[in-house]
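Here's the structure we're looking at; comments come further down.
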Amino acid sequence: MGGIADYTGALVCQYPLDRAAAVALAPRPDRDLQVFSFNLYDAHQPFTFRISFDALAAASIDSLRASFNADPNRRWAGYLAGCLFVLHEAKLIDLRDARHAGLDLALLSTVPLGAGVSSSAAIEVATMTNLRDHFALADPIDPMRLAALCQRVENHVVGAPCGIMDQVASAAGRAGALLKLLCQPHDLQGFLDLPAGTRVVGIDTAVRHSVGGGQYGRTRCAAFMGHKIILAKMHDMGRAAGMRLVADPTQGYLANLSLDDYRKYFRPYLPPTIKGREFLAKYGPTADPATTVDPDTDYAVQSATDHHVHESQRIKNFLRFLEEAAALPAANPARQLALDKAGHLMYASHISYTRDAQLGAPEADLLVDLVRANESHGLYGAKITGGGQGGTVAILASTSDRATTALQDIAATYQQQTGKTATLFTNTSPGALQSGTHLLPLPV
């Protein structure tokens, strides 16, 4: 719950699935980095990439991103090679040091690509964790810093403007629990065990999406544009009242703006749409390090800001209702009511993804509608996840056999109506830092 609200500073929560990316690391006799993908090998696609340590050390982050994005067949390698570059950039290792031998990195992942279940974050975290242990870094990388380094790989080496929640969940997730993360910038606030007898299930729409896609970036950019317009209005109001405001009363995060204040004082001043050049002329660039305002693009500022401010409040209420349900016995009617309220907030989030964030997908709408039609079978709520535009629908459900049958029927109905295979994700597992790395002897 929270999805794209991580980059505007919301409290978000994620639940880890039983899918994983594994990266094997072995030294090479030269000073090259070679990466290999078993997944691409099996798919008969270009599956290797090679670059010298010296070339990585000499590269700028902009030139490296341009290099990986110039050829679609090598962009995937940026998720792995980018980890080594970012460690060098952060001065945690020195790739120019001749004592460092080259490396082979081999990737095998069971996390489906483009399904909205953090496939890229899983690859980054698996790679970064392995590199951290291989180099026995003197400066320990705690889970939050590791996640931030992985986010830098995604934002600046690969060029996908994601927030940080996927990397944190992949690194620090706990099986069977919701990870709670306040994204200001990344404060892990613990875990919430689901109420007894409930679970989170995912159904993959088989519609592939990418956070590097155009609409995701436009929506993110529009939210930061809305934030800047709100700050300008705050300062106008302060001057009119004879007050001098601090630089940013929201402390840099749109999520810190109360919903009531937003509706009363600021929403009326947000343009439904604005051309990029008009915004730049009046307000200048935004504070977002991962996107830039395109002068020729029309941005839906009001609706994007609506989504983020309302989503921040929805998440808080969602967690509160789950906590209420967890504290009540199964026979108490108030428990069922709390679960229903949590589920309806998921529906509201899904609608907002489509209407306000403009990141919906008809296939995801179909799955959510099928869940609503089966609420009496122990299904409480559903929503599109991640960057939207396809991917996976998350469902809050009972652990009962009746709910299991309903989920299987939904997947079958979806396949009949769309011709797409609906994969169910029904189990959970821990993050990479709990799983750890394992040293294996090389064959003689």
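Each chain of the structure tokens is named A, B, ... in the order shown, its residues numbered from 1; ligands are numbered from 1 in display order.
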Exercise for the section: Considering only C-alpha atoms, return as a PyMOL selection string whatever protein or nucleic-acid residues lie within 8 Å of Ser170 in chain A, sequence-local ones (same chain, fewer than 6 positions apart) excluded. Expected result: chain A and resi 16+118+121-122+125+431-432
Exercise for the section: Extract, using only C-alpha atoms, all DNA, RNA and protein residues at most 10 Å from Pro27 in chain A, discarding same-chain residues fewer than 2 positions from it, and format them as a VMD selection string. Expected result: chain A and resid 25 29 to 33 100 to 105 134
Can I get the selection written as a compact mmCIF listing (two decimals), in the first residue's frame, with C-alpha atoms?
```
# COMPACT_ATOMS: atom_id res chain seq x y z
CA LEU A 25 29.98 -13.91 -7.92
CA PRO A 29 42.12 -13.34 -13.66
CA ASP A 30 41.85 -9.97 -15.44
CA ARG A 31 40.38 -6.62 -14.30
CA ASP A 32 37.10 -6.87 -16.16
CA LEU A 33 33.53 -7.10 -14.95
CA HIS A 100 41.17 -5.71 -7.20
CA ALA A 101 40.78 -8.65 -9.56
CA GLY A 102 37.96 -8.76 -12.08
CA LEU A 103 34.56 -10.28 -11.39
CA ASP A 104 32.02 -12.54 -13.01
CA LEU A 105 28.42 -11.92 -11.94
CA HIS A 134 32.93 -9.87 -1.45
```
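Comparing the minimum interatomic distances between Ala77 in chain A and each of A:Ala172, A:Leu40, A:Val293, A:Ile141, counting only C-alpha atoms, we find that A:Leu40 sits nearest.
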Exercise for the section: Pick out the closest residue to Tyr253 in chain A from this set: A:Ala5, A:Ala241, A:Val111, A:Ala26. Count only C-alpha atoms. Expected result: A:Ala5
Exercise for the section: Per DSSP on the backbone, filter range 45-225 of chain A down to the residues in alpha helix (DSSP H) and report them as a PyMOL selection string. Expected result: chain A and resi 53-58+61-70+78-89+119-134+143-152+165-172+214-225
Exercise for the section: Quick one: everything within 8 Å of range 402-418 of chain A, counting only C-alpha atoms, minus sequence neighbours fewer than 4 positions away in the same chain. Send it as number ranges by chain. Expected result: A: 203, 363, 366-367, 370-371, 374, 377-379, 397-398, 422-424
Handout entry: Polymer residues at most 8 Å from range 79-91 of chain A, only C-alpha atoms, same-chain spacing of 3 or more positions, as a ChimeraX atom specification
Key = /A:33,35,56-57,75-76,94-95,105,120,123-124,127-128,131,149-150,152-154,157-158
Would you mind exporting C-alpha atoms of the selected residues as an mmCIF file, in the first residue's frame?
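That gives us out_17.cif:
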```
data_model
loop_
_atom_site.group_PDB
_atom_site.id
_atom_site.type_symbol
_atom_site.label_atom_id
_atom_site.label_comp_id
_atom_site.auth_asym_id
_atom_site.auth_seq_id
_atom_site.Cartn_x
_atom_site.Cartn_y
_atom_site.Cartn_z
ATOM 1 C CA LEU A 33 33.535 -7.100 -14.949
ATOM 2 C CA VAL A 35 27.776 -10.083 -16.219
ATOM 3 C CA LEU A 56 33.896 1.943 -15.050
ATOM 4 C CA ALA A 57 36.089 4.100 -12.814
ATOM 5 C CA ARG A 75 20.151 -1.985 -20.504
ATOM 6 C CA TRP A 76 19.560 -4.964 -18.212
ATOM 7 C CA ASP A 94 38.374 2.035 -5.548
ATOM 8 C CA LEU A 95 38.129 0.337 -8.928
ATOM 9 C CA LEU A 105 28.417 -11.917 -11.944
ATOM 10 C CA SER A 120 14.741 -4.591 -10.716
ATOM 11 C CA ILE A 123 18.430 -7.709 -8.840
ATOM 12 C CA GLU A 124 20.070 -4.581 -7.435
ATOM 13 C CA THR A 127 24.084 -7.708 -6.503
ATOM 14 C CA MET A 128 24.853 -5.016 -3.940
ATOM 15 C CA LEU A 131 29.524 -7.029 -3.660
ATOM 16 C CA LEU A 149 22.725 2.905 -3.094
ATOM 17 C CA CYS A 150 20.507 0.517 -5.063
ATOM 18 C CA ARG A 152 20.834 5.434 -7.073
ATOM 19 C CA VAL A 153 21.625 2.638 -9.514
ATOM 20 C CA GLU A 154 18.026 2.604 -10.709
ATOM 21 C CA VAL A 157 22.561 4.563 -13.925
ATOM 22 C CA VAL A 158 19.518 2.877 -15.459
#
```
Using only C-alpha atoms, tabulate the residues of range 350-369 of chain A lying at most 8 Å from any atom of range 302-310 of chain A, each with its closest atom pair and that distance in Å to one decimal, by chain and increasing residue number, as a Markdown table.
```
| residue | atom | partner | partner_atom | distance |
| --- | --- | --- | --- | --- |
| A:Ser352 | CA | A:His307 | CA | 5.9 |
| A:Tyr353 | CA | A:His307 | CA | 7.2 |
| A:Arg355 | CA | A:Ser303 | CA | 7.8 |
| A:Asp356 | CA | A:Ser303 | CA | 4.5 |
| A:Ala357 | CA | A:Ala304 | CA | 5.0 |
| A:Gln358 | CA | A:Ala304 | CA | 8.0 |
```
Problem - Counting only C-alpha atoms, the residue of A:Ser109, A:Asn317, A:Asn130, A:Ser400 that sits nearest Lys341 in chain A - result: A:Asn317
Handout entry: Using only C-alpha atoms: which of A:Leu345, A:Tyr265, A:Gly78, A:Ala196 has the shortest distance to Pro329 in chain A
Key = A:Ala196
Practice task
Write down as a PyMOL selection string the residues belonging to range 358-434 of chain A that are assigned strand (DSSP E) by DSSP computed on the backbone.
Solution key: chain A and resi 379-384+392-398+423-425
Residues from last step as file, N, CA and C atoms, as a compact mmCIF listing (two decimals), in the first residue's frame:
```txt
# COMPACT_ATOMS: atom_id res chain seq x y z
N LEU A 379 -12.64 -12.22 0.62
CA LEU A 379 -11.74 -11.27 -0.02
C LEU A 379 -12.13 -9.87 0.44
N TYR A 380 -11.16 -9.09 0.92
CA TYR A 380 -11.48 -7.81 1.56
C TYR A 380 -11.22 -6.60 0.67
N GLY A 381 -10.22 -6.65 -0.18
CA GLY A 381 -9.91 -5.50 -1.00
C GLY A 381 -8.80 -5.82 -1.99
N ALA A 382 -8.64 -4.94 -2.99
CA ALA A 382 -7.63 -5.17 -4.01
C ALA A 382 -7.22 -3.85 -4.63
N LYS A 383 -6.01 -3.80 -5.17
CA LYS A 383 -5.52 -2.60 -5.82
C LYS A 383 -4.36 -2.94 -6.75
N ILE A 384 -4.17 -2.10 -7.74
CA ILE A 384 -2.99 -2.19 -8.58
C ILE A 384 -1.77 -1.82 -7.75
N THR A 392 0.94 -6.23 -11.25
CA THR A 392 0.26 -7.13 -10.33
C THR A 392 -0.79 -6.41 -9.50
N VAL A 393 -1.89 -7.09 -9.24
CA VAL A 393 -2.93 -6.61 -8.33
C VAL A 393 -2.73 -7.30 -6.99
N ALA A 394 -2.67 -6.49 -5.92
CA ALA A 394 -2.54 -7.02 -4.56
C ALA A 394 -3.92 -7.19 -3.95
N ILE A 395 -4.11 -8.29 -3.22
CA ILE A 395 -5.41 -8.61 -2.64
C ILE A 395 -5.24 -8.95 -1.17
N LEU A 396 -6.04 -8.33 -0.32
CA LEU A 396 -6.11 -8.70 1.10
C LEU A 396 -7.19 -9.75 1.23
N ALA A 397 -6.82 -10.92 1.74
CA ALA A 397 -7.74 -12.06 1.70
C ALA A 397 -7.65 -12.89 2.97
N SER A 398 -8.68 -13.66 3.18
CA SER A 398 -8.69 -14.65 4.25
C SER A 398 -7.79 -15.83 3.85
N THR A 423 -1.01 -15.25 -13.17
CA THR A 423 -0.19 -15.98 -12.20
C THR A 423 -0.50 -15.51 -10.79
N LEU A 424 -0.72 -16.47 -9.89
CA LEU A 424 -0.97 -16.15 -8.48
C LEU A 424 0.33 -16.20 -7.69
N PHE A 425 0.54 -15.19 -6.85
CA PHE A 425 1.63 -15.18 -5.88
C PHE A 425 0.99 -15.36 -4.51
```
Find the spatial neighbours of Thr110 in chain A, counting only C-alpha atoms, within a cut-off of 8 Å - ignore same-chain residues fewer than 5 positions away - and output them as a tab-separated table (two decimals) with N, CA and C atoms, in the first residue's frame.
```
chain	number	residue	atom	x	y	z
A	19	ARG	N	9.44	-14.93	-4.25
A	19	ARG	CA	10.21	-14.90	-5.49
A	19	ARG	C	11.53	-14.20	-5.19
A	20	ALA	N	12.59	-14.57	-5.91
A	20	ALA	CA	13.90	-14.04	-5.56
A	20	ALA	C	14.80	-13.90	-6.78
A	21	ALA	N	15.76	-13.00	-6.66
A	21	ALA	CA	16.86	-12.90	-7.62
A	21	ALA	C	18.12	-13.39	-6.91
```
Practice task
Counting only C-alpha atoms, figure out which residue out of A:Gln34, A:Gln14, A:Asn69, A:Thr129 gets nearest to Gln434 in chain A.
Solution key: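 Between A:Gln34, A:Gln14, A:Asn69, A:Thr129, the residue approaching Gln434 in chain A most closely is A:Thr129.
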Exercise for the section: Name the closest residue to Gly176 in chain A among the candidates A:Pro143, A:Pro72, A:Pro430, A:Gly226; distances are taken between atoms, counting only C-alpha atoms. Expected result: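 The closest residue to Gly176 in chain A is A:Pro430.
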Problem - Exercise: Thr354 in chain A partners within 12 Å, only C-alpha atoms, chain neighbours under 4 positions left out, as an NGL selection string - result: :A and (215-216 or 219 or 303-304 or 307 or 347-350 or 358-365 or 383-385 or 387-390)
